[in-house]
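Novice: If it helps, the file is called start22.txt and holds compact mmCIF, C-alpha atoms and all ligand atoms:
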```
# COMPACT_ATOMS: atom_id res chain seq x y z
CA MET A 1 1.14 -27.91 3.45
CA ALA A 2 2.52 -24.71 1.93
CA LYS A 3 1.60 -21.59 3.85
CA PHE A 4 1.58 -19.16 0.97
CA ASP A 5 3.42 -16.55 3.04
CA GLU A 6 6.46 -16.75 0.80
CA TYR A 7 6.44 -16.76 -3.00
CA PHE A 8 6.91 -20.00 -4.92
CA LEU A 9 5.59 -21.22 -8.27
CA MET A 10 2.56 -23.37 -7.51
CA GLU A 11 1.72 -26.84 -8.82
CA ASN A 12 -1.88 -27.96 -9.36
CA GLU A 13 -2.23 -29.36 -5.82
CA ASP A 14 -0.88 -26.14 -4.27
CA VAL A 15 -3.42 -24.14 -6.23
CA ILE A 16 -6.28 -26.20 -4.79
CA HIS A 17 -5.02 -25.58 -1.24
CA TYR A 18 -4.44 -21.95 -2.06
CA VAL A 19 -7.96 -21.32 -3.28
CA LYS A 20 -9.42 -23.06 -0.22
CA GLU A 21 -7.25 -21.08 2.15
CA LYS A 22 -7.67 -17.68 0.53
CA THR A 23 -11.33 -17.66 -0.44
CA SER A 24 -14.66 -18.99 0.73
CA PHE A 25 -15.64 -19.54 -2.89
CA PHE A 26 -15.87 -23.32 -2.48
CA ASN A 27 -17.25 -25.28 0.49
CA GLU A 28 -14.50 -26.50 2.77
CA ASN A 29 -15.26 -30.13 1.94
CA SER A 30 -15.66 -29.70 -1.82
CA ALA A 31 -13.55 -32.04 -3.92
CA LEU A 32 -11.65 -29.75 -6.28
CA LEU A 33 -9.83 -30.46 -9.53
CA CYS A 34 -7.14 -28.21 -10.96
CA ASP A 35 -5.65 -28.01 -14.46
CA GLU A 36 -3.02 -25.67 -15.86
CA ILE A 37 -4.72 -24.28 -18.96
CA GLY A 38 -2.53 -21.32 -19.90
CA ASP A 39 -1.28 -20.99 -23.45
CA GLY A 40 0.02 -17.44 -23.25
CA ASN A 41 3.66 -16.44 -23.48
CA LEU A 42 4.25 -15.23 -19.92
CA ASN A 43 2.19 -16.72 -17.06
CA TYR A 44 0.60 -19.85 -15.62
CA VAL A 45 -3.19 -20.10 -15.61
CA TYR A 46 -5.00 -22.67 -13.49
CA ARG A 47 -8.66 -23.60 -13.61
CA VAL A 48 -10.04 -24.93 -10.34
CA VAL A 49 -13.36 -26.75 -10.57
CA ASP A 50 -15.65 -28.17 -7.94
CA GLN A 51 -16.11 -31.84 -8.91
CA ALA A 52 -19.82 -31.36 -8.35
CA GLY A 53 -19.36 -29.23 -11.45
CA ASP A 54 -21.21 -26.13 -10.34
CA LYS A 55 -18.40 -23.72 -9.46
CA SER A 56 -15.01 -22.79 -10.87
CA VAL A 57 -12.38 -20.06 -10.69
CA ILE A 58 -9.19 -19.09 -12.49
CA VAL A 59 -5.89 -18.56 -10.70
CA LYS A 60 -3.22 -16.73 -12.67
CA GLN A 61 0.33 -16.71 -11.36
CA ALA A 62 3.49 -15.03 -12.62
CA GLY A 63 6.80 -16.90 -12.74
CA ASP A 64 10.16 -15.13 -12.63
CA THR A 65 10.84 -15.84 -16.30
CA ALA A 66 8.55 -15.67 -19.32
CA ARG A 67 6.86 -18.96 -20.07
CA ILE A 68 7.90 -18.64 -23.72
CA SER A 69 11.61 -18.34 -22.84
CA ASP A 70 13.67 -18.78 -19.66
CA ALA A 71 16.07 -16.22 -21.07
CA ILE A 72 13.46 -13.50 -20.47
CA LYS A 73 13.75 -12.69 -16.75
CA LEU A 74 10.84 -10.77 -15.26
CA SER A 75 9.81 -9.55 -11.86
CA THR A 76 6.75 -11.34 -10.57
CA ASN A 77 4.73 -8.28 -9.53
CA ARG A 78 3.30 -7.85 -13.02
CA ILE A 79 0.06 -9.48 -11.88
CA LYS A 80 -0.64 -6.32 -9.83
CA ILE A 81 -0.92 -4.15 -12.94
CA GLU A 82 -3.08 -6.81 -14.55
CA SER A 83 -5.45 -7.06 -11.54
CA ASP A 84 -5.69 -3.28 -11.13
CA ILE A 85 -6.47 -2.77 -14.80
CA LEU A 86 -9.02 -5.60 -14.91
CA ILE A 87 -10.83 -4.01 -11.97
CA LEU A 88 -10.73 -0.60 -13.65
CA HIS A 89 -11.92 -2.06 -16.97
CA GLY A 90 -14.80 -3.74 -15.15
CA LYS A 91 -15.91 -0.30 -13.96
CA LEU A 92 -15.29 1.62 -17.19
CA ALA A 93 -16.61 -0.93 -19.70
CA LYS A 94 -19.26 -2.88 -17.84
CA GLY A 95 -19.61 -6.51 -18.85
CA HIS A 96 -16.38 -6.56 -20.86
CA ALA A 97 -13.88 -7.69 -18.18
CA PRO A 98 -13.75 -10.75 -15.92
CA GLU A 99 -14.37 -10.11 -12.23
CA VAL A 100 -11.26 -10.18 -10.02
CA TYR A 101 -11.91 -11.84 -6.67
CA LEU A 102 -8.47 -11.48 -5.08
CA TYR A 103 -4.99 -10.13 -5.78
CA ASP A 104 -2.09 -11.52 -3.75
CA ASN A 105 1.16 -9.57 -3.72
CA VAL A 106 3.08 -12.37 -1.98
CA MET A 107 2.22 -15.26 -4.28
CA ASN A 108 2.04 -12.84 -7.24
CA CYS A 109 -1.21 -14.22 -8.44
CA CYS A 110 -4.84 -13.29 -8.75
CA ILE A 111 -8.07 -15.23 -8.54
CA MET A 112 -10.70 -14.29 -11.07
CA GLU A 113 -13.93 -15.26 -12.75
CA ASP A 114 -13.78 -18.38 -14.89
CA LEU A 115 -14.93 -17.58 -18.42
CA SER A 116 -14.96 -21.12 -19.73
CA ASP A 117 -18.43 -20.68 -21.17
CA HIS A 118 -16.52 -18.33 -23.55
CA THR A 119 -13.87 -19.26 -26.14
CA ILE A 120 -10.60 -17.53 -26.93
CA LEU A 121 -11.38 -15.49 -30.02
CA ARG A 122 -8.23 -16.51 -31.92
CA GLU A 123 -9.10 -20.20 -31.54
CA ALA A 124 -12.68 -19.63 -32.68
CA LEU A 125 -11.55 -17.58 -35.69
CA LEU A 126 -9.17 -20.40 -36.65
CA GLN A 127 -12.30 -22.57 -36.88
CA PHE A 128 -13.90 -19.84 -39.08
CA GLU A 129 -16.55 -19.01 -36.48
CA THR A 130 -18.12 -15.57 -36.71
CA PHE A 131 -19.25 -13.16 -33.99
CA PRO A 132 -21.86 -10.63 -35.10
CA LYS A 133 -21.49 -8.39 -32.03
CA LEU A 134 -17.71 -8.35 -31.86
CA ALA A 135 -17.14 -5.02 -33.63
CA ASP A 136 -19.76 -3.30 -31.52
CA HIS A 137 -18.37 -4.74 -28.28
CA ILE A 138 -14.69 -4.14 -28.90
CA SER A 139 -15.20 -0.59 -30.19
CA THR A 140 -17.23 0.17 -27.05
CA PHE A 141 -14.54 -1.41 -24.88
CA MET A 142 -11.78 0.66 -26.48
CA VAL A 143 -13.59 3.98 -26.30
CA GLN A 144 -14.86 3.42 -22.75
CA THR A 145 -11.50 2.30 -21.34
CA LEU A 146 -9.21 4.63 -23.27
CA LEU A 147 -10.80 8.07 -23.51
CA PRO A 148 -11.70 8.41 -19.79
CA THR A 149 -8.03 7.88 -18.85
CA THR A 150 -6.74 10.72 -21.09
CA ASP A 151 -6.12 14.39 -20.27
CA VAL A 152 -9.10 15.17 -22.48
CA VAL A 153 -11.44 13.79 -19.82
CA MET A 154 -9.46 13.19 -16.60
CA ASP A 155 -8.20 15.63 -14.05
CA HIS A 156 -4.62 16.32 -15.20
CA GLN A 157 -3.00 15.88 -11.81
CA GLU A 158 -4.76 12.57 -11.18
CA LYS A 159 -3.75 11.44 -14.64
CA LYS A 160 -0.09 12.16 -13.86
CA VAL A 161 -0.38 10.07 -10.69
CA ASN A 162 -1.79 7.27 -12.86
CA VAL A 163 1.05 7.54 -15.35
CA LYS A 164 3.43 6.84 -12.47
CA GLU A 165 1.23 4.15 -10.90
CA TYR A 166 1.02 2.19 -14.15
CA MET A 167 4.70 2.44 -15.11
CA ASN A 168 5.43 -1.00 -16.54
CA PRO A 169 9.09 -0.87 -17.62
CA GLU A 170 9.80 -4.58 -18.02
CA LEU A 171 6.80 -5.41 -20.14
CA CYS A 172 7.17 -2.21 -22.15
CA ASP A 173 10.72 -3.30 -22.81
CA ILE A 174 9.42 -6.58 -24.26
CA SER A 175 7.17 -4.66 -26.66
CA GLU A 176 9.92 -2.19 -27.54
CA GLU A 177 12.15 -5.12 -28.47
CA LEU A 178 9.68 -7.59 -30.01
CA VAL A 179 7.38 -5.14 -31.80
CA TYR A 180 9.53 -2.13 -32.55
CA THR A 181 13.12 -3.35 -32.97
CA GLU A 182 13.90 -7.03 -33.61
CA PRO A 183 11.55 -7.49 -36.61
CA PHE A 184 13.59 -4.86 -38.49
CA ASN A 185 17.12 -6.09 -37.91
CA ASP A 186 17.10 -9.38 -35.93
CA TYR A 187 19.75 -7.84 -33.70
CA ASN A 188 19.06 -10.38 -30.94
CA GLN A 189 19.11 -13.19 -33.50
CA ARG A 190 15.88 -14.79 -32.43
CA ASN A 191 13.70 -14.17 -35.50
CA GLU A 192 12.93 -17.52 -37.07
CA LEU A 193 11.85 -16.84 -40.63
CA PHE A 194 9.70 -19.21 -42.66
CA GLU A 195 12.40 -20.58 -44.97
CA PRO A 196 10.62 -20.15 -48.35
CA ASN A 197 10.08 -16.46 -47.55
CA LYS A 198 13.47 -15.79 -45.99
CA GLU A 199 15.11 -13.90 -48.83
CA TRP A 200 11.94 -11.99 -49.59
CA ILE A 201 11.73 -10.84 -45.95
CA VAL A 202 15.39 -9.86 -45.82
CA THR A 203 14.88 -7.65 -48.87
CA GLU A 204 11.43 -6.31 -48.06
CA ILE A 205 11.81 -5.75 -44.33
CA TYR A 206 15.41 -5.74 -43.10
CA ARG A 207 16.68 -3.81 -46.14
CA ASP A 208 13.86 -1.29 -46.47
CA ASP A 209 15.44 1.89 -45.03
CA VAL A 210 12.27 3.94 -45.29
CA LEU A 211 10.30 1.29 -43.41
CA ARG A 212 12.89 1.04 -40.66
CA LEU A 213 12.94 4.83 -40.23
CA GLU A 214 9.14 4.92 -39.87
CA ALA A 215 9.28 2.03 -37.37
CA ALA A 216 11.85 4.02 -35.36
CA LYS A 217 9.52 7.04 -35.27
CA LEU A 218 6.65 4.83 -34.08
CA LYS A 219 8.88 3.28 -31.41
CA PHE A 220 9.57 6.68 -29.88
CA GLU A 221 5.86 7.49 -30.08
CA PHE A 222 5.14 4.30 -28.08
CA MET A 223 7.77 5.17 -25.47
CA ASN A 224 6.96 8.85 -25.09
CA HIS A 225 3.28 9.44 -25.72
CA ALA A 226 1.55 8.88 -22.36
CA GLN A 227 -1.87 9.43 -23.89
CA ALA A 228 -4.15 6.89 -22.17
CA LEU A 229 -4.03 3.80 -19.98
CA ILE A 230 -3.86 1.23 -22.76
CA HIS A 231 -4.44 -2.52 -22.58
CA GLY A 232 -1.09 -3.02 -24.28
CA ASP A 233 -1.67 -6.46 -25.82
CA LEU A 234 -5.11 -6.33 -27.38
CA HIS A 235 -4.87 -9.23 -29.82
CA THR A 236 -7.45 -11.95 -30.49
CA GLY A 237 -5.83 -14.20 -27.86
CA SER A 238 -6.75 -11.58 -25.24
CA LEU A 239 -10.47 -11.77 -26.03
CA PHE A 240 -12.93 -14.32 -24.68
CA VAL A 241 -16.13 -14.49 -26.70
CA THR A 242 -19.54 -16.03 -27.21
CA LYS A 243 -22.00 -14.90 -29.86
CA GLU A 244 -23.47 -12.53 -27.26
CA SER A 245 -20.54 -11.50 -25.11
CA THR A 246 -16.96 -10.19 -25.39
CA LYS A 247 -14.61 -10.13 -22.40
CA VAL A 248 -11.13 -8.67 -22.50
CA ILE A 249 -8.42 -10.39 -20.47
CA ASP A 250 -4.64 -10.17 -19.95
CA PRO A 251 -3.92 -6.42 -19.62
CA GLU A 252 -0.53 -7.13 -18.04
CA PHE A 253 1.22 -5.03 -20.71
CA GLY A 254 -0.92 -2.04 -19.74
CA PHE A 255 0.70 1.39 -19.25
CA TYR A 256 0.17 4.98 -20.32
CA GLY A 257 0.82 4.83 -24.05
CA PRO A 258 -0.72 5.77 -27.40
CA ILE A 259 -4.38 4.85 -27.92
CA GLY A 260 -3.52 3.62 -31.42
CA TYR A 261 -1.54 0.75 -29.90
CA ASP A 262 -4.77 -0.97 -28.82
CA VAL A 263 -6.77 -0.09 -31.93
CA GLY A 264 -3.93 -1.16 -34.23
CA ASN A 265 -3.53 -4.50 -32.47
CA ILE A 266 -7.19 -5.32 -33.01
CA ILE A 267 -7.04 -4.37 -36.70
CA ALA A 268 -3.88 -6.43 -37.26
CA ASN A 269 -5.12 -9.55 -35.51
CA LEU A 270 -8.49 -9.51 -37.26
CA THR A 271 -6.55 -9.16 -40.50
CA PHE A 272 -4.57 -12.31 -39.63
CA ALA A 273 -7.85 -14.17 -39.13
CA LEU A 274 -9.10 -12.90 -42.50
CA ILE A 275 -5.92 -13.95 -44.30
CA HIS A 276 -6.08 -17.36 -42.64
CA GLY A 277 -9.68 -17.73 -43.86
CA ASP A 278 -8.59 -16.68 -47.35
CA ALA A 279 -5.80 -19.29 -47.36
CA TYR A 280 -8.46 -21.96 -46.74
CA GLY A 281 -10.93 -20.50 -49.26
CA LYS A 282 -13.56 -19.64 -46.62
CA GLU A 283 -15.32 -16.84 -48.46
CA PRO A 284 -18.24 -16.19 -46.08
CA PHE A 285 -15.78 -15.99 -43.18
CA VAL A 286 -13.52 -13.62 -45.13
CA ASP A 287 -16.52 -11.39 -45.88
CA TRP A 288 -17.46 -11.35 -42.21
CA ALA A 289 -13.88 -10.52 -41.18
CA GLU A 290 -13.71 -7.73 -43.75
CA ASN A 291 -16.95 -6.18 -42.50
CA THR A 292 -15.84 -6.57 -38.90
CA ILE A 293 -12.56 -4.73 -39.48
CA MET A 294 -14.45 -1.98 -41.29
CA GLU A 295 -17.03 -1.73 -38.49
CA VAL A 296 -14.39 -1.72 -35.73
CA VAL A 297 -12.77 1.37 -37.25
CA ASP A 298 -16.03 3.17 -38.11
CA LEU A 299 -17.73 2.40 -34.80
CA PHE A 300 -14.60 3.40 -32.93
CA ASN A 301 -14.64 6.78 -34.73
CA LYS A 302 -18.33 7.28 -34.07
CA LYS A 303 -18.27 6.28 -30.39
CA PHE A 304 -15.04 8.17 -29.76
CA THR A 305 -16.62 11.34 -31.13
CA ALA A 306 -19.83 10.90 -29.10
CA PHE A 307 -17.91 10.08 -25.89
CA TRP A 308 -15.65 13.09 -26.39
CA ASP A 309 -18.60 15.46 -26.89
CA GLU A 310 -20.25 14.21 -23.73
CA HIS A 311 -17.21 13.93 -21.45
CA VAL A 312 -14.52 16.41 -22.56
CA THR A 313 -13.35 18.54 -19.60
CA ASP A 314 -10.15 20.24 -20.78
CA GLU A 315 -10.96 23.79 -21.92
CA MET A 316 -8.51 23.84 -24.84
CA ALA A 317 -9.64 20.42 -26.02
CA LYS A 318 -13.02 22.05 -26.68
CA GLU A 319 -11.49 24.31 -29.39
CA THR A 320 -13.08 23.80 -32.79
CA GLY A 321 -11.09 21.27 -34.82
CA PHE A 322 -9.06 19.90 -31.91
CA LYS A 323 -11.09 16.69 -31.56
CA GLU A 324 -10.72 15.98 -35.29
CA TRP A 325 -6.96 16.64 -35.11
CA TYR A 326 -6.62 14.35 -32.06
CA LEU A 327 -8.67 11.54 -33.63
CA ASP A 328 -6.71 11.79 -36.89
CA ARG A 329 -3.54 11.25 -34.91
CA VAL A 330 -5.05 8.25 -33.10
CA LEU A 331 -6.01 6.71 -36.45
CA SER A 332 -2.62 7.32 -37.95
CA ASP A 333 -1.00 5.63 -34.92
CA SER A 334 -3.50 2.79 -35.25
CA ALA A 335 -2.55 2.15 -38.86
CA GLY A 336 1.15 2.31 -37.97
CA VAL A 337 0.76 -0.11 -35.07
CA ALA A 338 -1.40 -2.47 -37.15
CA GLY A 339 1.50 -2.63 -39.59
CA LEU A 340 4.08 -3.21 -36.86
CA GLU A 341 2.02 -5.96 -35.24
CA MET A 342 1.58 -7.67 -38.61
CA ILE A 343 5.30 -7.64 -39.22
CA ARG A 344 6.38 -8.76 -35.77
CA ARG A 345 3.94 -11.68 -35.62
CA ILE A 346 5.38 -13.08 -38.86
CA VAL A 347 9.04 -12.07 -38.60
CA GLY A 348 9.63 -11.84 -34.84
CA LEU A 349 9.76 -14.16 -31.84
CA ALA A 350 6.06 -14.28 -30.92
CA LYS A 351 4.31 -15.61 -34.00
CA VAL A 352 0.57 -16.17 -34.51
CA LYS A 353 -1.14 -19.48 -35.24
CA ASP A 354 -3.32 -17.81 -37.87
CA ILE A 355 -0.25 -17.80 -40.11
CA THR A 356 1.96 -20.59 -38.76
CA SER A 357 -0.87 -23.13 -38.92
CA ILE A 358 -1.35 -22.69 -42.68
CA GLU A 359 -0.18 -26.10 -43.89
CA MET A 360 -0.01 -25.64 -47.66
CA GLU A 361 3.38 -24.09 -48.42
CA ALA A 362 2.24 -21.95 -51.33
CA GLU A 363 -0.65 -20.56 -49.29
CA ARG A 364 1.59 -19.71 -46.36
CA ILE A 365 4.08 -17.97 -48.64
CA ARG A 366 1.21 -15.94 -50.07
CA ALA A 367 -0.39 -15.21 -46.68
CA GLU A 368 2.87 -13.93 -45.21
CA ARG A 369 3.59 -11.75 -48.23
CA ILE A 370 0.10 -10.25 -48.23
CA CYS A 371 0.35 -9.41 -44.52
CA LEU A 372 3.83 -7.94 -44.82
CA THR A 373 3.06 -5.92 -47.95
CA LEU A 374 -0.08 -4.53 -46.35
CA ALA A 375 1.82 -3.85 -43.12
CA LYS A 376 4.37 -1.76 -45.01
CA ARG A 377 1.57 0.33 -46.46
CA PHE A 378 -0.07 0.75 -43.05
CA ILE A 379 3.22 2.04 -41.66
CA LYS A 380 4.49 4.19 -44.50
CA ASP A 381 1.13 5.72 -45.49
CA ARG A 382 -0.31 5.78 -41.96
CA ASP A 383 -1.55 9.36 -42.26
CA THR A 384 -3.97 8.33 -45.01
CA PHE A 385 -5.96 5.76 -42.99
CA ARG A 386 -9.07 7.29 -41.45
CA THR A 387 -12.09 5.08 -42.12
CA GLY A 388 -12.84 1.38 -42.19
CA LYS A 389 -13.01 1.62 -45.95
CA ASP A 390 -9.45 3.00 -46.13
CA PHE A 391 -8.16 -0.12 -44.35
CA ILE A 392 -10.23 -2.54 -46.42
CA THR A 393 -9.42 -0.88 -49.75
CA ALA A 394 -5.71 -1.28 -49.05
CA LEU A 395 -6.25 -4.90 -47.99
CA LYS A 396 -8.17 -5.72 -51.17
CA GLU A 397 -5.58 -4.06 -53.38
CA VAL A 398 -2.77 -6.05 -51.79
CA MET A 399 -4.74 -9.32 -51.94
CA LYS A 400 -5.50 -8.84 -55.65
CA LYS A 401 -1.84 -8.57 -56.65
C1 LIG B 1 7.80 -12.71 -24.32
S1 LIG B 1 6.14 -12.33 -24.47
C2 LIG B 1 5.78 -12.36 -26.17
C3 LIG B 1 4.51 -11.71 -26.51
O1 LIG B 1 3.44 -12.34 -25.83
C4 LIG B 1 2.56 -11.37 -25.30
O2 LIG B 1 1.24 -11.73 -25.53
C5 LIG B 1 2.95 -10.08 -25.95
O3 LIG B 1 2.27 -9.88 -27.17
C6 LIG B 1 4.40 -10.25 -26.14
O4 LIG B 1 4.95 -9.41 -27.10
MG MG B 2 -1.28 -12.21 -22.99
```
Go through the file and emit its structure as structure tokens.
Specialist:
Amino acid sequence: MAKFDEYFLMENEDVIHYVKEKTSFFNENSALLCDEIGDGNLNYVYRVVDQAGDKSVIVKQAGDTARISDAIKLSTNRIKIESDILILHGKLAKGHAPEVYLYDNVMNCCIMEDLSDHTILREALLQFETFPKLADHISTFMVQTLLPTTDVVMDHQEKKVNVKEYMNPELCDISEELVYTEPFNDYNQRNELFEPNKEWIVTEIYRDDVLRLEAAKLKFEFMNHAQALIHGDLHTGSLFVTKESTKVIDPEFGFYGPIGYDVGNIIANLTFALIHGDAYGKEPFVDWAENTIMEVVDLFNKKFTAFWDEHVTDEMAKETGFKEWYLDRVLSDSAGVAGLEMIRRIVGLAKVKDITSIEMEAERIRAERICLTLAKRFIKDRDTFRTGKDFITALKEVMKK
């Protein structure tokens, strides 16, 4: 039997032995079943269940290449950042992160709470399910995990130690390439465009000089603005939900970056769900999605302001008008990032099912063009987006055309 004192990529059977050896979670004689259930782009996710059916855990292990492509070589220690951030999120935003039971720096894996009573939000939204508490939960999560890790609230020396601790060069590099570069020029030649929209995309994205300049500015903002410890990949595939609960998983892309990166990802991915609902004529779902996007932005603003007032420690950050200036900048980044995420998930390597699963050709052509047109507005006019209504007004104008 493997000893787990030297790294190797586990198979289902190894994972069962591993969990028995490393934890006392299951009884020694329990009959365990293991399935690989991961559908993400990077790692392997195993669910281990006691056949008696009363206990289960998740084991997440990193391979030395990305699951989506062997050409993307990665060091396996990325699970450390993920485990550390999940533990921190569990403290900062109680009830919104899975519990981590163990992190193993040899096998490069972690064992954590099984959330299979929850569903991945993207999958549920593809079935047009609605979640009345989502906006409240995710706005709380963002404010409670982001603001406390900034210089506004944290001791500045401790924050600088954190910036170093959470350096995540390889995964940042993936975002710099996939979000901020390739969608605008295909310079690595791995953008697969939806054929009927190909020419339109070449003209509207690759050949739009103003757009590419603004994307370049945002790229350098992402690389150089160590504002807060961000989740770094806060899309609807990183959320586990029930009607009553929202848990945020997969912070492996976390690092000190701009707050707007997280907020913008949420806005973009909820917009994909809305556009998918629209393509299938699901009006009540579209209305819910529209209200949810609006509420996410407005509740974020409200909770951010309240949290700031209660927890600000930096003397200069207490100057009249500074909070408003800071929040305006966060919202402008959020709009810019929402636009970038919407472009890269249609044009770039890592696409989203919300769009690719639209079967009717005419509807998919329309859905992609709506998203990309809106994305361009989010990026170019990013300084004008402040409230939920600003985002929704732009969305409605683009959808009407
Ligand atoms: C190679 S990884 C592709 C994408 O999957 C992750 O979820 C991130 O969004 C990344 O950009
Ligand atoms: Mg992920």
Novice: Quick one: distance from CA of Glu295 (chain A) to atom C5 of ligand LIG 1 (chain B) in Å, one decimal?
Specialist: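 So the answer is 25.0 Å.
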Novice: Of the residues A:Phe385, A:Phe8, A:Trp308, A:Phe194, which is the one nearest to Arg369 (chain A), using all atoms listed in the file?
Specialist: A:Phe194
Novice: List all protein, DNA and RNA residues that have any atom at most 9 Å from ligand MG 2 (chain B), counting all atoms listed in the file, and write the list as a PDB file with C-alpha atoms, in the coordinates of the input.
Specialist:
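As written to disk, pocket15.pdb reads:
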```pdb
ATOM      1  CA  ASP A  39      -1.280 -20.990 -23.450  1.00  0.00           C
ATOM      2  CA  GLY A  40       0.020 -17.440 -23.250  1.00  0.00           C
ATOM      3  CA  ASN A  41       3.660 -16.440 -23.480  1.00  0.00           C
ATOM      4  CA  LEU A  42       4.250 -15.230 -19.920  1.00  0.00           C
ATOM      5  CA  ASN A  43       2.190 -16.720 -17.060  1.00  0.00           C
ATOM      6  CA  ASP A 233      -1.670  -6.460 -25.820  1.00  0.00           C
ATOM      7  CA  LEU A 234      -5.110  -6.330 -27.380  1.00  0.00           C
ATOM      8  CA  HIS A 235      -4.870  -9.230 -29.820  1.00  0.00           C
ATOM      9  CA  GLY A 237      -5.830 -14.200 -27.860  1.00  0.00           C
ATOM     10  CA  SER A 238      -6.750 -11.580 -25.240  1.00  0.00           C
ATOM     11  CA  ILE A 249      -8.420 -10.390 -20.470  1.00  0.00           C
ATOM     12  CA  ASP A 250      -4.640 -10.170 -19.950  1.00  0.00           C
ATOM     13  CA  PRO A 251      -3.920  -6.420 -19.620  1.00  0.00           C
ATOM     14  CA  GLU A 252      -0.530  -7.130 -18.040  1.00  0.00           C
ATOM     15  CA  PHE A 253       1.220  -5.030 -20.710  1.00  0.00           C
TER      16      PHE A 253
END
```
Novice: Can you list, as JSON, numbers by chain, every protein, DNA or RNA residue that comes within 8 Å of region 136-153 of chain A when you count only C-alpha atoms, leaving out same-chain residues fewer than 6 positions away?
Specialist: {"A": [89, 92, 93, 96, 159, 227, 228, 229, 230, 245, 246, 259, 262, 263, 295, 296, 297, 299, 300, 303, 304, 307, 308, 311, 312, 313, 314, 317]}
Novice: Find the distance between CA of Tyr166 (chain A) and CA of Lys302 (chain A) and write it in Å to one decimal.
Specialist: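 Calculated distance between CA of Tyr166 (chain A) and CA of Lys302 (chain A) is 28.2 Å.
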Novice: With the input short on atoms, add N, CA and C atoms back to region 76-92 of chain A and write it as a compact mmCIF listing (two decimals), keeping the file's coordinate frame.
Specialist:
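Wrote it out as selection.txt, contents follow:
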```
# COMPACT_ATOMS: atom_id res chain seq x y z
N THR A 76 8.03 -10.62 -10.66
CA THR A 76 6.75 -11.34 -10.57
C THR A 76 5.57 -10.42 -10.23
N ASN A 77 5.84 -9.14 -9.95
CA ASN A 77 4.73 -8.28 -9.53
C ASN A 77 3.86 -7.79 -10.70
N ARG A 78 4.08 -8.32 -11.88
CA ARG A 78 3.30 -7.85 -13.02
C ARG A 78 1.80 -8.17 -12.89
N ILE A 79 1.47 -9.14 -12.06
CA ILE A 79 0.06 -9.48 -11.88
C ILE A 79 -0.68 -8.32 -11.20
N LYS A 80 0.05 -7.46 -10.48
CA LYS A 80 -0.64 -6.32 -9.83
C LYS A 80 -1.23 -5.39 -10.88
N ILE A 81 -0.41 -5.05 -11.87
CA ILE A 81 -0.92 -4.15 -12.94
C ILE A 81 -2.11 -4.82 -13.60
N GLU A 82 -1.98 -6.10 -13.88
CA GLU A 82 -3.08 -6.81 -14.55
C GLU A 82 -4.36 -6.75 -13.70
N SER A 83 -4.25 -7.06 -12.40
CA SER A 83 -5.45 -7.06 -11.54
C SER A 83 -6.05 -5.66 -11.46
N ASP A 84 -5.18 -4.66 -11.24
CA ASP A 84 -5.69 -3.28 -11.13
C ASP A 84 -6.42 -2.86 -12.41
N ILE A 85 -5.83 -3.20 -13.55
CA ILE A 85 -6.47 -2.77 -14.80
C ILE A 85 -7.76 -3.54 -15.05
N LEU A 86 -7.76 -4.84 -14.73
CA LEU A 86 -9.02 -5.60 -14.91
C LEU A 86 -10.14 -4.99 -14.07
N ILE A 87 -9.80 -4.60 -12.84
CA ILE A 87 -10.83 -4.01 -11.97
C ILE A 87 -11.31 -2.68 -12.56
N LEU A 88 -10.36 -1.89 -13.03
CA LEU A 88 -10.73 -0.60 -13.65
C LEU A 88 -11.58 -0.82 -14.91
N HIS A 89 -11.15 -1.77 -15.74
CA HIS A 89 -11.92 -2.06 -16.97
C HIS A 89 -13.35 -2.50 -16.64
N GLY A 90 -13.47 -3.28 -15.56
CA GLY A 90 -14.80 -3.74 -15.15
C GLY A 90 -15.71 -2.57 -14.82
N LYS A 91 -15.10 -1.48 -14.29
CA LYS A 91 -15.91 -0.30 -13.96
C LYS A 91 -16.18 0.55 -15.20
N LEU A 92 -15.15 0.70 -16.04
CA LEU A 92 -15.29 1.62 -17.19
C LEU A 92 -16.12 1.01 -18.33
```
